[in-house]
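Structure file target28.txt (compact mmCIF, C-alpha atoms) is printed below.
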```
# COMPACT_ATOMS: atom_id res chain seq x y z
CA MET A 1327 23.73 23.11 -19.93
CA GLU A 1328 21.20 23.31 -22.73
CA GLU A 1329 21.15 19.51 -23.04
CA GLU A 1330 20.52 19.15 -19.30
CA MET A 1331 17.58 21.53 -19.55
CA ASP A 1332 16.24 19.52 -22.47
CA TRP A 1333 16.20 16.18 -20.65
CA MET A 1334 14.85 17.81 -17.48
CA GLY A 1335 11.98 19.20 -19.55
CA GLU A 1336 11.37 15.78 -21.07
CA VAL A 1337 11.27 14.14 -17.64
CA ILE A 1338 8.85 16.78 -16.35
CA MET A 1339 6.58 16.37 -19.37
CA ALA A 1340 6.64 12.57 -19.11
CA SER A 1341 5.87 12.79 -15.38
CA TRP A 1342 3.04 15.22 -16.08
CA ASN A 1343 1.52 12.75 -18.56
CA VAL A 1344 1.62 10.01 -15.91
CA LEU A 1345 0.05 12.33 -13.35
CA VAL A 1346 -2.72 13.39 -15.74
CA ALA A 1347 -3.54 9.76 -16.57
CA SER A 1348 -3.79 8.73 -12.92
CA ALA A 1349 -5.15 11.85 -11.18
CA PRO A 1350 -8.93 11.22 -11.60
CA TYR A 1351 -8.53 7.69 -10.28
CA MET A 1352 -6.38 8.88 -7.39
CA LEU A 1353 -9.07 11.33 -6.31
CA LEU A 1354 -11.70 8.60 -6.66
CA GLY A 1355 -9.57 6.25 -4.59
CA PHE A 1356 -9.15 8.81 -1.81
CA PHE A 1357 -12.90 9.43 -1.83
CA VAL A 1358 -13.70 5.73 -1.45
CA ALA A 1359 -11.05 5.42 1.26
CA GLY A 1360 -12.80 8.23 3.12
CA LEU A 1361 -16.11 6.37 2.86
CA LEU A 1362 -14.49 3.22 4.26
CA LYS A 1363 -13.04 5.18 7.17
CA ALA A 1364 -16.37 6.90 7.84
CA PHE A 1365 -18.73 3.94 7.70
CA LEU A 1366 -16.58 0.85 8.39
CA PRO A 1367 -16.53 0.50 12.19
CA ASP A 1368 -13.08 0.35 13.72
CA SER A 1369 -14.23 -2.47 16.00
CA LEU A 1370 -15.01 -4.60 12.93
CA VAL A 1371 -11.32 -5.24 12.35
CA SER A 1372 -10.50 -6.42 15.86
CA ARG A 1373 -13.77 -8.34 16.22
CA HIS A 1374 -13.34 -10.45 13.09
CA LEU A 1375 -9.57 -10.74 12.99
CA GLY A 1376 -9.08 -11.85 16.57
CA GLY A 1377 -8.45 -15.50 17.38
CA HIS A 1378 -6.38 -18.26 15.87
CA SER A 1379 -8.76 -19.92 13.38
CA PHE A 1380 -8.30 -20.20 9.63
CA GLY A 1381 -11.56 -18.30 9.30
CA SER A 1382 -9.78 -15.36 10.89
CA ILE A 1383 -7.05 -15.64 8.26
CA PHE A 1384 -9.67 -15.47 5.51
CA LYS A 1385 -11.30 -12.42 7.10
CA ALA A 1386 -7.94 -10.72 7.67
CA SER A 1387 -6.95 -11.29 4.04
CA ALA A 1388 -10.29 -10.02 2.71
CA LEU A 1389 -10.57 -6.99 5.01
CA GLY A 1390 -7.00 -5.94 4.27
CA VAL A 1391 -7.54 -5.66 0.50
CA PRO A 1392 -9.55 -2.39 0.45
CA MET A 1393 -7.92 -0.89 3.55
CA PRO A 1394 -6.10 2.39 2.77
CA LEU A 1395 -3.00 1.74 4.90
CA CYS A 1396 0.63 1.74 3.76
CA SER A 1397 3.29 -0.75 4.87
CA CYS A 1398 4.26 1.41 7.87
CA GLY A 1399 0.74 2.52 8.76
CA VAL A 1400 -0.45 -1.08 9.05
CA LEU A 1401 2.16 -1.99 11.68
CA PRO A 1402 0.47 -0.39 14.72
CA THR A 1403 -2.85 -1.95 13.70
CA ALA A 1404 -1.23 -5.37 13.44
CA ALA A 1405 0.43 -4.92 16.84
CA GLY A 1406 -2.94 -3.97 18.31
CA LEU A 1407 -4.49 -7.13 16.89
CA ARG A 1408 -1.78 -9.24 18.51
CA GLN A 1409 -2.35 -7.44 21.80
CA GLN A 1410 -6.08 -8.25 21.58
CA GLY A 1411 -5.36 -11.96 21.10
CA ALA A 1412 -5.12 -12.42 17.34
CA GLY A 1413 -2.93 -15.29 16.20
CA LYS A 1414 0.21 -14.83 14.16
CA GLY A 1415 -1.53 -16.27 11.09
CA PRO A 1416 -4.32 -13.65 10.86
CA THR A 1417 -1.85 -10.93 11.81
CA ALA A 1418 0.53 -11.97 9.02
CA ALA A 1419 -2.34 -12.13 6.53
CA PHE A 1420 -3.44 -8.62 7.47
CA LEU A 1421 0.15 -7.36 7.23
CA ILE A 1422 0.32 -8.67 3.65
CA SER A 1423 -3.02 -7.89 2.02
CA THR A 1424 -3.36 -4.40 3.50
CA PRO A 1425 -0.23 -2.68 2.11
CA GLU A 1426 -0.13 -4.68 -1.14
CA THR A 1427 -3.33 -3.11 -2.40
CA GLY A 1428 -6.11 -0.68 -1.53
CA VAL A 1429 -8.95 1.20 -3.14
CA ASP A 1430 -6.59 4.00 -4.21
CA SER A 1431 -3.94 1.74 -5.76
CA ILE A 1432 -6.59 -0.39 -7.51
CA ALA A 1433 -8.00 2.74 -9.14
CA VAL A 1434 -4.55 3.90 -10.28
CA THR A 1435 -3.76 0.41 -11.60
CA TRP A 1436 -6.90 0.57 -13.72
CA ALA A 1437 -5.78 3.94 -15.11
CA LEU A 1438 -2.09 3.22 -15.81
CA LEU A 1439 -2.13 -0.50 -16.61
CA ASP A 1440 -5.35 -2.25 -17.59
CA PRO A 1441 -8.59 -3.65 -16.10
CA PHE A 1442 -7.25 -7.20 -15.74
CA MET A 1443 -4.21 -6.04 -13.78
CA ALA A 1444 -6.55 -3.97 -11.59
CA VAL A 1445 -8.42 -7.22 -10.83
CA ILE A 1446 -5.51 -9.65 -10.56
CA ARG A 1447 -3.58 -7.35 -8.22
CA PRO A 1448 -6.04 -7.53 -5.28
CA ILE A 1449 -6.70 -11.21 -6.01
CA SER A 1450 -2.95 -11.88 -5.84
CA ALA A 1451 -2.71 -9.92 -2.58
CA PHE A 1452 -5.55 -11.99 -1.11
CA PHE A 1453 -3.98 -15.24 -2.34
CA THR A 1454 -0.55 -14.31 -0.92
CA ALA A 1455 -2.07 -13.34 2.42
CA MET A 1456 -4.11 -16.55 2.65
CA VAL A 1457 -1.21 -18.87 1.79
CA THR A 1458 1.43 -17.13 3.88
CA GLY A 1459 -0.93 -16.53 6.80
CA GLY A 1460 -1.96 -20.18 6.73
CA ILE A 1461 1.63 -21.41 6.77
CA VAL A 1462 2.50 -19.05 9.62
CA GLN A 1463 -0.55 -20.28 11.55
CA VAL A 1464 0.36 -23.97 11.14
CA LEU A 1465 3.99 -23.46 12.10
CA ASP A 1466 3.03 -21.25 15.03
CA ARG A 1467 0.67 -23.93 16.39
CA LYS A 1468 3.45 -26.51 16.18
CA GLN A 1469 5.82 -24.14 17.93
CA ILE A 1470 3.29 -23.48 20.71
CA LEU A 1471 2.79 -27.22 21.22
CA SER A 1472 6.53 -27.84 21.34
CA GLU A 1473 6.99 -25.09 23.93
CA LYS A 1474 3.99 -26.09 26.02
CA ASN A 1475 6.15 -27.66 28.69
CA VAL A 1476 8.40 -24.60 28.82
CA GLN A 1477 5.78 -21.86 29.05
CA VAL A 1478 2.22 -22.32 30.23
CA GLY A 1479 -0.52 -19.76 29.68
CA PRO A 1480 -1.00 -16.87 27.28
CA VAL A 1481 1.77 -14.53 26.28
CA PRO A 1482 1.79 -11.47 28.57
CA ARG A 1483 0.55 -8.31 26.95
CA ASP A 1484 3.63 -6.45 28.13
CA SER A 1485 5.81 -8.69 25.95
CA LEU A 1486 4.29 -7.32 22.75
CA PRO A 1487 6.08 -4.32 21.18
CA VAL A 1488 3.09 -2.03 21.13
CA THR A 1489 4.64 0.89 22.94
CA SER A 1490 7.38 1.43 20.38
CA LEU A 1491 4.94 0.87 17.54
CA GLN A 1492 2.72 3.69 18.72
CA LEU A 1493 5.36 6.14 17.54
CA LEU A 1494 4.95 5.03 13.92
CA PRO A 1495 2.78 6.95 11.41
CA MET A 1496 -0.97 6.35 11.52
CA ALA A 1497 -0.69 4.50 14.83
CA GLU A 1498 -4.11 5.60 16.04
CA GLN A 1499 -6.08 5.77 12.80
CA MET A 1500 -7.51 2.29 13.19
CA ALA A 1501 -7.83 2.41 16.95
CA GLY A 1502 -11.16 1.91 18.62
CA PRO A 1503 -13.18 4.77 20.03
CA GLU A 1504 -12.07 4.00 23.53
CA THR A 1505 -8.42 4.76 22.70
CA SER A 1506 -8.62 7.58 20.18
CA CYS A 1507 -9.00 11.28 20.60
CA HIS A 1508 -8.78 12.14 24.28
CA GLY A 1509 -8.90 15.62 25.63
CA SER A 1510 -10.64 18.78 24.61
CA CYS A 1511 -9.48 18.85 21.01
CA CYS A 1512 -12.44 16.77 19.90
CA SER A 1513 -15.05 18.17 22.21
CA GLY A 1514 -18.53 17.31 21.22
CA SER A 1515 -17.58 13.86 19.92
CA THR A 1516 -18.86 12.07 23.02
CA GLY A 1517 -22.45 11.41 23.94
CA SER A 1518 -24.78 10.65 21.05
CA SER A 1519 -23.43 8.83 18.03
CA PRO A 1520 -22.26 11.09 15.17
CA SER A 1521 -24.67 11.85 12.36
CA PHE A 1522 -24.25 10.72 8.76
CA PHE A 1523 -22.82 14.09 7.76
CA GLN A 1524 -20.37 14.08 10.69
CA ARG A 1525 -19.15 10.61 9.76
CA PHE A 1526 -18.81 11.62 6.12
CA GLN A 1527 -16.93 14.80 7.06
CA ALA A 1528 -14.56 12.87 9.34
CA GLY A 1529 -13.95 10.27 6.64
CA MET A 1530 -13.11 12.89 4.02
CA ALA A 1531 -10.86 14.70 6.51
CA PHE A 1532 -8.99 11.43 7.03
CA ALA A 1533 -8.75 10.62 3.29
CA PHE A 1534 -7.64 14.04 2.07
CA GLY A 1535 -5.74 14.83 5.27
CA ASP A 1536 -3.84 12.07 7.06
CA LEU A 1537 -3.98 9.49 4.28
CA PHE A 1538 -3.07 12.01 1.58
CA LYS A 1539 -0.07 13.24 3.58
CA ASP A 1540 1.16 9.65 4.05
CA ILE A 1541 0.84 8.72 0.36
CA ALA A 1542 1.26 11.94 -1.64
CA LEU A 1543 5.02 12.41 -1.31
CA TRP A 1544 5.80 8.82 -2.26
CA PHE A 1545 3.32 8.93 -5.13
CA MET A 1546 4.92 12.08 -6.53
CA VAL A 1547 8.34 10.44 -6.23
CA GLY A 1548 6.96 7.45 -8.10
CA VAL A 1549 5.59 9.72 -10.83
CA LEU A 1550 9.00 11.41 -11.24
CA ILE A 1551 10.73 8.02 -11.38
CA ALA A 1552 8.22 6.93 -14.01
CA GLY A 1553 9.03 10.06 -16.02
CA ALA A 1554 12.77 9.35 -15.76
CA ILE A 1555 12.22 5.75 -16.90
CA ALA A 1556 10.21 6.98 -19.88
CA VAL A 1557 13.08 9.28 -20.93
CA PHE A 1558 16.23 7.29 -20.12
CA ILE A 1559 15.24 3.61 -20.37
CA THR A 1560 14.86 2.15 -23.86
CA PRO A 1561 13.03 -1.02 -24.91
CA GLU A 1562 16.37 -2.43 -26.06
CA MET A 1563 17.77 -2.08 -22.52
CA ILE A 1564 14.80 -3.95 -21.05
CA THR A 1565 15.10 -6.68 -23.69
CA PHE A 1566 18.85 -7.07 -23.10
CA TRP A 1567 18.81 -7.07 -19.30
CA LEU A 1568 15.31 -8.33 -18.50
CA GLY A 1569 14.43 -10.35 -21.57
CA SER A 1570 13.95 -13.56 -19.59
CA PRO A 1571 10.68 -13.48 -17.59
CA LEU A 1572 12.26 -15.36 -14.68
CA VAL A 1573 15.27 -13.05 -14.56
CA ALA A 1574 12.97 -10.03 -14.77
CA MET A 1575 10.88 -11.28 -11.83
CA LEU A 1576 13.94 -12.04 -9.70
CA VAL A 1577 15.36 -8.59 -10.43
CA MET A 1578 12.03 -7.03 -9.42
CA VAL A 1579 12.18 -8.97 -6.14
CA ALA A 1580 15.76 -7.84 -5.52
CA ILE A 1581 14.76 -4.22 -6.11
CA ALA A 1582 11.44 -4.31 -4.27
CA VAL A 1583 12.43 -6.04 -1.01
CA PRO A 1584 14.86 -3.40 0.36
CA LEU A 1585 12.99 -0.48 -1.21
CA TYR A 1586 10.22 1.39 0.60
CA VAL A 1587 7.43 2.03 -1.90
CA CYS A 1588 3.72 2.07 -1.14
CA ALA A 1589 1.13 0.36 -3.35
CA THR A 1590 0.03 3.59 -5.02
CA ALA A 1591 3.56 4.91 -5.64
CA SER A 1592 4.74 1.59 -7.12
CA THR A 1593 2.06 1.68 -9.84
CA PRO A 1594 3.46 4.46 -12.09
CA ILE A 1595 6.93 2.91 -11.83
CA ALA A 1596 5.60 -0.48 -12.95
CA ALA A 1597 3.57 1.15 -15.73
CA ALA A 1598 6.63 2.99 -17.06
CA LEU A 1599 8.66 -0.23 -17.12
CA VAL A 1600 5.79 -2.03 -18.88
CA LEU A 1601 5.80 0.56 -21.66
CA LYS A 1602 9.49 -0.17 -22.19
CA GLY A 1603 8.88 -3.90 -22.59
CA LEU A 1604 8.83 -5.41 -19.10
CA ASN A 1605 6.64 -8.51 -18.95
CA PRO A 1606 3.41 -8.10 -16.92
CA GLY A 1607 4.34 -10.91 -14.54
CA ALA A 1608 7.46 -9.06 -13.45
CA ALA A 1609 5.44 -5.87 -13.06
CA LEU A 1610 3.00 -7.72 -10.79
CA VAL A 1611 5.88 -9.12 -8.73
CA PHE A 1612 7.11 -5.56 -8.14
CA LEU A 1613 3.59 -4.39 -7.26
CA LEU A 1614 3.21 -7.19 -4.69
CA ALA A 1615 6.67 -7.44 -3.14
CA GLY A 1616 7.46 -3.73 -2.98
CA PRO A 1617 4.67 -2.56 -0.65
CA ALA A 1618 4.60 -5.71 1.53
CA VAL A 1619 8.31 -6.11 2.24
CA ASN A 1620 10.88 -3.43 2.93
CA ALA A 1621 13.89 -3.12 5.19
CA ALA A 1622 12.29 -0.40 7.30
CA SER A 1623 9.28 -2.50 8.35
CA LEU A 1624 10.96 -5.90 8.72
CA THR A 1625 12.56 -5.04 12.06
CA VAL A 1626 9.16 -4.18 13.50
CA ILE A 1627 7.44 -7.18 11.90
CA SER A 1628 10.06 -9.45 13.50
CA ARG A 1629 8.97 -8.14 16.89
CA ILE A 1630 5.31 -8.77 16.11
CA LEU A 1631 5.65 -12.24 14.57
CA GLY A 1632 9.06 -13.35 15.85
CA LYS A 1633 12.24 -13.77 13.82
CA GLY A 1634 11.46 -17.28 12.64
CA MET A 1635 7.97 -16.39 11.45
CA THR A 1636 9.30 -13.26 9.77
CA VAL A 1637 11.50 -15.46 7.57
CA VAL A 1638 8.41 -17.51 6.69
CA TYR A 1639 6.50 -14.27 6.10
CA VAL A 1640 9.05 -12.87 3.63
CA SER A 1641 9.56 -16.23 1.89
CA GLY A 1642 5.82 -16.71 1.46
CA ILE A 1643 5.42 -13.27 -0.11
CA ILE A 1644 8.26 -13.84 -2.58
CA VAL A 1645 7.16 -17.35 -3.61
CA CYS A 1646 3.51 -16.35 -4.02
CA ALA A 1647 4.46 -13.21 -5.96
CA LEU A 1648 6.57 -15.28 -8.37
CA ALA A 1649 3.77 -17.84 -8.77
CA MET A 1650 1.21 -15.14 -9.54
CA GLY A 1651 3.71 -13.49 -11.89
CA PHE A 1652 4.05 -16.66 -13.98
CA ALA A 1653 0.26 -17.10 -13.97
CA THR A 1654 -0.17 -13.51 -15.15
CA ASP A 1655 2.31 -13.95 -18.01
CA TRP A 1656 0.51 -17.13 -19.07
CA PHE A 1657 -2.86 -15.39 -19.06
CA TYR A 1658 -1.71 -12.42 -21.14
CA GLY A 1659 0.00 -14.76 -23.61
CA PHE A 1660 -3.15 -16.87 -23.85
CA MET A 1661 -5.35 -13.81 -24.42
CA GLY A 1662 -3.43 -12.47 -27.38
CA GLY A 1663 0.15 -11.59 -26.62
CA LEU A 1664 2.01 -9.14 -24.45
CA GLU A 1665 2.59 -6.54 -27.19
CA ARG A 1666 -1.07 -5.59 -27.32
CA TRP A 1667 -1.12 -5.16 -23.55
CA GLN A 1668 1.96 -2.91 -23.57
CA THR A 1669 0.60 -0.65 -26.27
CA GLY A 1670 -2.74 -0.57 -24.49
CA THR A 1671 -1.14 0.99 -21.44
CA ALA A 1672 0.29 3.92 -23.33
CA GLY A 1673 -2.78 6.02 -22.64
CA GLU A 1674 -4.38 8.78 -24.64
CA GLU A 1675 -4.30 12.56 -24.66
CA GLY A 1676 -5.39 13.90 -21.30
CA SER A 1677 -8.98 15.08 -21.13
CA LEU A 1678 -10.07 18.27 -19.40
CA ILE A 1679 -11.25 16.25 -16.38
CA SER A 1680 -7.85 14.54 -16.14
CA ILE A 1681 -5.97 17.83 -16.36
CA VAL A 1682 -8.19 19.49 -13.75
CA SER A 1683 -7.78 16.43 -11.48
CA ALA A 1684 -3.99 16.63 -11.85
CA LEU A 1685 -4.06 20.32 -10.93
CA ILE A 1686 -6.22 19.53 -7.89
CA LEU A 1687 -3.72 16.87 -6.79
CA LEU A 1688 -0.83 19.29 -7.19
CA GLY A 1689 -2.76 21.92 -5.26
CA LEU A 1690 -3.48 19.49 -2.42
CA PHE A 1691 0.15 18.41 -2.42
CA ALA A 1692 1.37 22.02 -2.17
CA TRP A 1693 -1.23 22.85 0.50
CA LYS A 1694 -0.50 19.84 2.72
CA GLY A 1695 3.24 20.23 2.24
CA THR A 1696 3.13 23.88 3.24
CA GLU A 1697 0.88 23.05 6.20
CA ALA A 1698 3.28 20.35 7.42
CA LEU A 1699 6.28 22.65 7.13
CA TRP A 1700 4.43 25.43 8.98
CA GLN A 1701 3.49 23.10 11.82
CA ARG A 1702 6.99 21.72 12.07
CA TRP A 1703 8.51 25.21 12.02
CA HIS A 1704 6.20 26.51 14.74
CA GLY A 1705 6.10 23.28 16.74
CA ASN A 1706 2.35 22.92 16.43
CA GLU A 1707 0.62 19.57 16.15
CA GLU A 1708 -2.54 18.94 14.22
CA CYS A 1709 -5.54 17.61 16.10
CA VAL A 1710 -8.30 16.08 14.07
CA CYS A 1711 -11.25 14.26 15.60
CA GLY A 1712 -10.47 10.58 15.66
CA HIS A 1713 -6.74 11.12 15.13
CA CYS A 1714 -5.04 13.19 17.77
CA HIS A 1715 -1.24 13.31 17.60
```
Rewrite the structure of this file - the entire thing - as structure tokens.
Amino acid sequence: MEEEMDWMGEVIMASWNVLVASAPYMLLGFFVAGLLKAFLPDSLVSRHLGGHSFGSIFKASALGVPMPLCSCGVLPTAAGLRQQGAGKGPTAAFLISTPETGVDSIAVTWALLDPFMAVIRPISAFFTAMVTGGIVQVLDRKQILSEKNVQVGPVPRDSLPVTSLQLLPMAEQMAGPETSCHGSCCSGSTGSSPSFFQRFQAGMAFAFGDLFKDIALWFMVGVLIAGAIAVFITPEMITFWLGSPLVAMLVMVAIAVPLYVCATASTPIAAALVLKGLNPGAALVFLLAGPAVNAASLTVISRILGKGMTVVYVSGIIVCALAMGFATDWFYGFMGGLERWQTGTAGEEGSLISIVSALILLGLFAWKGTEALWQRWHGNEECVCGHCH
């Protein structure tokens, strides 16, 4: 019993250290996400991502990088793009770059890994989205041409699986003003355009409300897993089982594909494995494949893109992740060896700002968790302007 208490205390302390190291950057990431929500027009996404051109694929890949949406939250947005006429290529690109990275996960990557990984991660997400979206677009055009004699005219809107997708989390967060927030719950939002302060307030309410509730639980789970890895996994185990970079990357793919883990939650897990000796390329593969592909979202993606294109979608993500993983290993080896990178991620003693930030995160987590339980217990539903449930 005493031994169990000892290792539980070690896991809690290791998890606390991870939380302290990442908390200031998490809060910064949520703040920037709120600014994006407040001042990036919802219509910008549908206006620039619609169509079937390769320019739309580029825009979809670029716009998805900073977007604060998880792998499930992006699904309704992608379905809406298809309904508005976007091709499968831009839709696939948006489905990849959006969950693989975001302003919050980039900030945490900077804190727990290093500046280069914080840069290469969004670049890799953009590259994967561009390549995979381009392949999907080319194959889709060929398929449309081959079926031209069978079906003439555009695909009916009723054939797209939007109705079922609307039940998923965050289904209305990226919707346009004409579809969001009906009824009296947001009275006063019509008429004149909202002021700067109103936009800012709504953005912060989204970031530290809806977005926080979608990410916080999974992030805390990731922090606890990172603490368990720090206590129970030894460098010798990583060297024995994952000593080969290729084997390590393939194992990361095998773990990441069926597992649901958002971009922010995957970061502390990858950082903990890195400290035990995992090569940075394999860590990047986990960071890319985990958020973009999981068993829960694949069934919905197959309805948006079609079964054949979903196979291309998954294959493109895996191949691009492996390619960027090898490139990352080469870069770190060229710049002075992997050992220096691993020791550089160990972090330092938490500062007062870091400790206060961690306490704020825990307070928000407790507050939002209690609020959600209260609403579920009493059958009440939250109604925030711009996001009515």
Taking all atoms listed in the file into account, name the residue in A:Ile1643, A:Gln1527, A:Pro1606, A:Ser1677 that is nearest to Gly1659 in chain A. A:Pro1606
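Remark: for Gly1642 in chain A, the closest of the candidate residues A:Leu1362, A:Met1578, A:Ala1451, A:Met1334 is A:Ala1451 (distances computed over only C-alpha atoms).
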Pull the closest atom pair for each residue of range 1549-1625 of chain A that gets at most 9 Å from range 1420-1426 of chain A, along with the distance in Å to one decimal, counting only C-alpha atoms, ordering rows by chain and then ascending residue number, as a Markdown table.
```
| residue | atom | partner | partner_atom | distance |
| --- | --- | --- | --- | --- |
| A:Cys1588 | CA | A:Pro1425 | CA | 7.0 |
| A:Ala1589 | CA | A:Glu1426 | CA | 5.6 |
| A:Leu1613 | CA | A:Glu1426 | CA | 7.2 |
| A:Leu1614 | CA | A:Glu1426 | CA | 5.5 |
| A:Ala1615 | CA | A:Glu1426 | CA | 7.6 |
| A:Gly1616 | CA | A:Glu1426 | CA | 7.9 |
| A:Pro1617 | CA | A:Glu1426 | CA | 5.3 |
| A:Ala1618 | CA | A:Glu1426 | CA | 5.5 |
| A:Val1619 | CA | A:Ile1422 | CA | 8.5 |
```
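Residue nearest Thr1565 in chain A, chosen from A:Val1391, A:Leu1354, A:Ala1531, A:Leu1604 and counting only C-alpha atoms: A:Leu1604.
The nearest approach to Pro1594 in chain A among the residues A:Gly1460, A:Gly1399, A:Gly1428, A:Gly1553, with all atoms listed in the file taken into account, belongs to A:Gly1553.
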One residue among A:Ala1684, A:Ala1359, A:Leu1471, A:Leu1401 is nearest to Leu1537 in chain A when using only C-alpha atoms, and that residue is A:Ala1359
Just to confirm, what's the straight-line distance from CA of Leu1572 in chain A to CA of Phe1657 in chain A in Å (one decimal)? 15.7 Å
Applying 10 Å and only C-alpha atoms, which residues near Thr1636 in chain A remain after dropping the ones on its own chain fewer than 3 positions away? List them as an MDAnalysis selection string. chainID A and resid 1418 1462 1624:1633 1639:1642
Excluding Met1352 in chain A and any residue of its chain fewer than 2 positions from it, enumerate the residues within 10 Å of it, using only C-alpha atoms, and give them as a list in words. Leu1345, Ala1347, Ser1348, Ala1349, Pro1350, Leu1354, Gly1355, Phe1356, Phe1357, Val1358, Val1429, Asp1430, Ser1431, Ile1432, Ala1433, Val1434, Thr1435, Ala1437, Phe1545, Thr1590, Ser1683, Ala1684 and Leu1687 of chain A
Create the file for the chosen residues now, containing C-alpha atoms and written as a short mmCIF file (atom, residue, chain, number, x, y, z; two decimals), in the coordinates of the input.
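Dumped everything to part.cif:
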```
data_model
loop_
_atom_site.label_atom_id
_atom_site.label_comp_id
_atom_site.auth_asym_id
_atom_site.auth_seq_id
_atom_site.Cartn_x
_atom_site.Cartn_y
_atom_site.Cartn_z
CA LEU A 1345 0.05 12.33 -13.35
CA ALA A 1347 -3.54 9.76 -16.57
CA SER A 1348 -3.79 8.73 -12.92
CA ALA A 1349 -5.15 11.85 -11.18
CA PRO A 1350 -8.93 11.22 -11.60
CA LEU A 1354 -11.70 8.60 -6.66
CA GLY A 1355 -9.57 6.25 -4.59
CA PHE A 1356 -9.15 8.81 -1.81
CA PHE A 1357 -12.90 9.43 -1.83
CA VAL A 1358 -13.70 5.73 -1.45
CA VAL A 1429 -8.95 1.20 -3.14
CA ASP A 1430 -6.59 4.00 -4.21
CA SER A 1431 -3.94 1.74 -5.76
CA ILE A 1432 -6.59 -0.39 -7.51
CA ALA A 1433 -8.00 2.74 -9.14
CA VAL A 1434 -4.55 3.90 -10.28
CA THR A 1435 -3.76 0.41 -11.60
CA ALA A 1437 -5.78 3.94 -15.11
CA PHE A 1545 3.32 8.93 -5.13
CA THR A 1590 0.03 3.59 -5.02
CA SER A 1683 -7.78 16.43 -11.48
CA ALA A 1684 -3.99 16.63 -11.85
CA LEU A 1687 -3.72 16.87 -6.79
#
```
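Distances here use all atoms listed in the file; by that measure, the residue among A:Gly1459, A:Phe1453, A:Ala1649, A:Leu1389 closest to Thr1417 in chain A is A:Gly1459.
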Could you check how far CA of Ile1338 in chain A sits from CA of Leu1395 in chain A, in Å to one decimal? 28.6 Å
List the neighbours of Ala1609 in chain A out to 8 Å using all atoms listed in the file; skip same-chain residues closer than 4 positions along the sequence, and give me the result as a ChimeraX atom specification. /A:1575,1578,1596-1597,1599-1600,1604-1605,1613,1651
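Here CA of Phe1522 in chain A stands at a distance of 22.4 Å from CA of Phe1538 in chain A.
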Name the residues in contact with range 1555-1561 of chain A at a cut-off of 12 Å, using only C-alpha atoms, excluding same-chain residues fewer than 2 positions from it; report them as a PDB file with C-alpha atoms, keeping the file's coordinate frame.
```
ATOM      1  CA  ASP A1332      16.240  19.520 -22.470  1.00  0.00           C
ATOM      2  CA  TRP A1333      16.200  16.180 -20.650  1.00  0.00           C
ATOM      3  CA  MET A1334      14.850  17.810 -17.480  1.00  0.00           C
ATOM      4  CA  GLY A1335      11.980  19.200 -19.550  1.00  0.00           C
ATOM      5  CA  GLU A1336      11.370  15.780 -21.070  1.00  0.00           C
ATOM      6  CA  VAL A1337      11.270  14.140 -17.640  1.00  0.00           C
ATOM      7  CA  ILE A1338       8.850  16.780 -16.350  1.00  0.00           C
ATOM      8  CA  MET A1339       6.580  16.370 -19.370  1.00  0.00           C
ATOM      9  CA  ALA A1340       6.640  12.570 -19.110  1.00  0.00           C
ATOM     10  CA  SER A1341       5.870  12.790 -15.380  1.00  0.00           C
ATOM     11  CA  TRP A1342       3.040  15.220 -16.080  1.00  0.00           C
ATOM     12  CA  ASN A1343       1.520  12.750 -18.560  1.00  0.00           C
ATOM     13  CA  VAL A1344       1.620  10.010 -15.910  1.00  0.00           C
ATOM     14  CA  GLY A1548       6.960   7.450  -8.100  1.00  0.00           C
ATOM     15  CA  VAL A1549       5.590   9.720 -10.830  1.00  0.00           C
ATOM     16  CA  LEU A1550       9.000  11.410 -11.240  1.00  0.00           C
ATOM     17  CA  ILE A1551      10.730   8.020 -11.380  1.00  0.00           C
ATOM     18  CA  ALA A1552       8.220   6.930 -14.010  1.00  0.00           C
ATOM     19  CA  GLY A1553       9.030  10.060 -16.020  1.00  0.00           C
ATOM     20  CA  MET A1563      17.770  -2.080 -22.520  1.00  0.00           C
ATOM     21  CA  ILE A1564      14.800  -3.950 -21.050  1.00  0.00           C
ATOM     22  CA  THR A1565      15.100  -6.680 -23.690  1.00  0.00           C
ATOM     23  CA  PHE A1566      18.850  -7.070 -23.100  1.00  0.00           C
ATOM     24  CA  TRP A1567      18.810  -7.070 -19.300  1.00  0.00           C
ATOM     25  CA  LEU A1568      15.310  -8.330 -18.500  1.00  0.00           C
ATOM     26  CA  GLY A1569      14.430 -10.350 -21.570  1.00  0.00           C
ATOM     27  CA  PRO A1594       3.460   4.460 -12.090  1.00  0.00           C
ATOM     28  CA  ILE A1595       6.930   2.910 -11.830  1.00  0.00           C
ATOM     29  CA  ALA A1596       5.600  -0.480 -12.950  1.00  0.00           C
ATOM     30  CA  ALA A1597       3.570   1.150 -15.730  1.00  0.00           C
ATOM     31  CA  ALA A1598       6.630   2.990 -17.060  1.00  0.00           C
ATOM     32  CA  LEU A1599       8.660  -0.230 -17.120  1.00  0.00           C
ATOM     33  CA  VAL A1600       5.790  -2.030 -18.880  1.00  0.00           C
ATOM     34  CA  LEU A1601       5.800   0.560 -21.660  1.00  0.00           C
ATOM     35  CA  LYS A1602       9.490  -0.170 -22.190  1.00  0.00           C
ATOM     36  CA  GLY A1603       8.880  -3.900 -22.590  1.00  0.00           C
ATOM     37  CA  LEU A1604       8.830  -5.410 -19.100  1.00  0.00           C
ATOM     38  CA  ASN A1605       6.640  -8.510 -18.950  1.00  0.00           C
ATOM     39  CA  GLN A1668       1.960  -2.910 -23.570  1.00  0.00           C
ATOM     40  CA  ALA A1672       0.290   3.920 -23.330  1.00  0.00           C
TER      41      ALA A1672
END
```
